[in-house]
Every structure is written in structure tokens, then in C-alpha cells.
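What follows is a single structure, written as C-alpha cells, with notes after it.
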Amino acid sequence: MRHVSARERIAARGGRVTRTRLAVLEMLQHGSHPLSHDEIGDALASAGVAHDRVTLYRALDWLVEQGLARRIAGGERAWRFEGVRDAAHRHAHFHCDRCGQVVCLEGLEPAPATALPNGFQVERAELVLHGQCATCGRGDEEVRPR
């Protein structure tokens, strides 16, 4: 199977291939865990990609609307984002309520509701487990909430 580049994926959706959209989608496609808006902004700045907060919000919103990224509820009303590699691929997430870390749980798939009222149809399901990560569970004092 041929790897489809971020540029090709954006163009296939009929969108403008902007520097910010391209950099964000590449980052999300290669990320190992969901990233917050601030983490993405910091990474863009470190990579020398000029952007502002509004442009980044708009790029993320567009990527989510186009099905190229997913929005995951994080702590303190902050969203996290991950790239969508395959529209059929689903997995759950673990959110550490102490430090804010979000981890993908590839072996656990969110199950859609099985007893929906007549005429209802599930389009997506999300499962986020909350608790403490291994570091926070040990009571390490250096961990700070995000």
C-alpha cells in the first residue's frame, strides 16, 4: 500500500495546502499520542513554522471537519488532536487526571451503543478512561498538572 503524503491528503479534500495545515497534519500523522493546541503550537515554533493561535485553531478545525484528524476531550476543557491514519481505525485513550498526559490504547476499541432507539445510527464513538499514569500513581512529586 502506497503512503499518501499530508499534502496529497489535504489536496484530495479540496482544501488549500497551506504551510500551517501541512505542518500540523504531518505532526499529527507521525505523533505517538494526541497533542494539545499549545503542544502543537510549541512544536511549530520550534520547527520555524510561522503561525498565530487563530490560524492554528482554524487549521485544526478544518482537519477535523475533513476527517484527517480527531479531537479528543482532554482535561480542563482543552482538546487534544491526533491524526486519522485510517477512517475505520478506532481506539480508546487514557487521560491522567493529575499530569494531563493522554495515551492511545490501541488494543481497546470504543464500542458503539448496541441498544439504540429505532432510527438512531452511531457515526462515531469515543472512549476516554481517566485515572493516574504510572508516574503519578507512584506519587512522584515532580509531576505538575498541565
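Residues in the C-alpha cells are numbered from 1 in each chain, the chains being A, B, ... in the order shown, and ligands are numbered from 1 in the order shown.
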*If you count only C-alpha atoms, which residues fall within 12 Å of A:Ala12, apart from same-chain ones fewer than 5 positions away, as a list in words?*
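Once the adjacent positions are removed, what remains is Val4, Ser5, Ala6, Arg7, Val17, Gln66, Gly67 and Leu68 of chain A.
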*Do a neighbour search on A:Leu22 at 12 Å with only C-alpha atoms, toss out local chain neighbours closer than 5 positions, and write the hits as JSON, numbers by chain.*
{"A": [5, 6, 7, 8, 9, 10, 11, 15, 16, 17, 27, 28, 29, 44, 49, 56, 59, 60, 62, 63, 68, 83]}
Atoms to include: C-alpha atoms. Write the selected residues as a short mmCIF file (atom, residue, chain, number, x, y, z; two decimals), in the first residue's frame.
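The result, written out as result.cif:
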data_model
loop_
_atom_site.label_atom_id
_atom_site.label_comp_id
_atom_site.auth_asym_id
_atom_site.auth_seq_id
_atom_site.Cartn_x
_atom_site.Cartn_y
_atom_site.Cartn_z
CA SER A 5 1.54 12.35 1.98
CA ALA A 6 -0.08 15.06 4.08
CA ARG A 7 -0.02 17.32 1.02
CA GLU A 8 -1.93 14.74 -1.04
CA ARG A 9 -4.46 14.13 1.74
CA ILE A 10 -5.24 17.85 2.08
CA ALA A 11 -5.47 18.37 -1.68
CA GLY A 15 -8.51 22.27 0.61
CA ARG A 16 -5.78 24.81 0.19
CA VAL A 17 -2.42 23.29 1.08
CA MET A 27 2.96 16.35 13.00
CA LEU A 28 -0.30 14.57 13.88
CA GLN A 29 0.32 11.74 11.39
CA LEU A 44 5.51 24.52 15.10
CA VAL A 49 6.78 27.39 11.06
CA LEU A 56 -3.69 27.10 14.22
CA ALA A 59 -6.23 24.58 10.66
CA LEU A 60 -7.13 22.07 13.38
CA TRP A 62 -10.54 22.15 9.16
CA LEU A 63 -8.51 18.94 9.58
CA LEU A 68 -7.98 13.97 8.71
CA GLY A 83 -4.07 12.24 13.04
#
*For atom CA of A:Ser46 and atom CA of A:Leu25, determine how far apart the two atoms are, in Å to one decimal place.*
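Taking atom CA of A:Ser46 and atom CA of A:Leu25, their separation equals 15.9 Å.
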_Residue set, chain A restricted to strand (DSSP E or B), as a ChimeraX atom specification_ = /A:35-36,69-73,79-83,92-96,102-105,128-131
Just the selected residues (C-alpha atoms), exported as a compact mmCIF listing (two decimals), in the first residue's frame, please.
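Below is the file that was written, again11.txt:
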# COMPACT_ATOMS: atom_id res chain seq x y z
CA LEU A 35 -1.35 16.70 21.28
CA SER A 36 -2.89 19.82 22.76
CA ALA A 69 -7.70 14.50 12.47
CA ARG A 70 -9.69 13.60 15.57
CA ARG A 71 -10.50 15.83 18.53
CA ILE A 72 -10.24 14.15 21.92
CA ALA A 73 -11.56 15.64 25.14
CA TRP A 79 -8.91 19.47 23.30
CA ARG A 80 -6.15 17.17 22.11
CA PHE A 81 -5.71 16.16 18.50
CA GLU A 82 -4.43 13.09 16.69
CA GLY A 83 -4.07 12.24 13.04
CA ALA A 92 -9.60 4.35 23.20
CA HIS A 93 -7.50 6.80 25.21
CA PHE A 94 -6.28 7.06 28.79
CA HIS A 95 -6.17 10.52 30.38
CA CYS A 96 -4.09 11.07 33.52
CA VAL A 102 -3.17 11.34 27.12
CA VAL A 103 -2.11 7.92 25.87
CA CYS A 104 -3.55 5.90 22.97
CA LEU A 105 -4.84 2.46 23.94
CA VAL A 128 -11.55 8.04 27.37
CA LEU A 129 -10.51 6.32 30.58
CA HIS A 130 -9.47 8.61 33.44
CA GLY A 131 -7.08 7.91 36.28
*Rounded to one decimal place, report the atom CA of A:Glu106-atom CA of A:Arg90 distance in Å.*
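Distance between the two atoms: 8.0 Å.
Atom CA of A:Gly31 lies 20.1 Å from atom CA of A:Ala50.
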*Smallest atom-to-atom distance to A:Arg58: which of A:Ala45, A:Ala78, A:Val84, A:Val24, using only C-alpha atoms?*
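Closest to A:Arg58, using only C-alpha atoms: A:Val24.
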*Between A:Thr55, A:Thr135, A:Gln101, A:Thr18, which one has atoms that come closest to A:Pro34, using only C-alpha atoms?*
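Smallest distance to A:Pro34 is found for A:Gln101.
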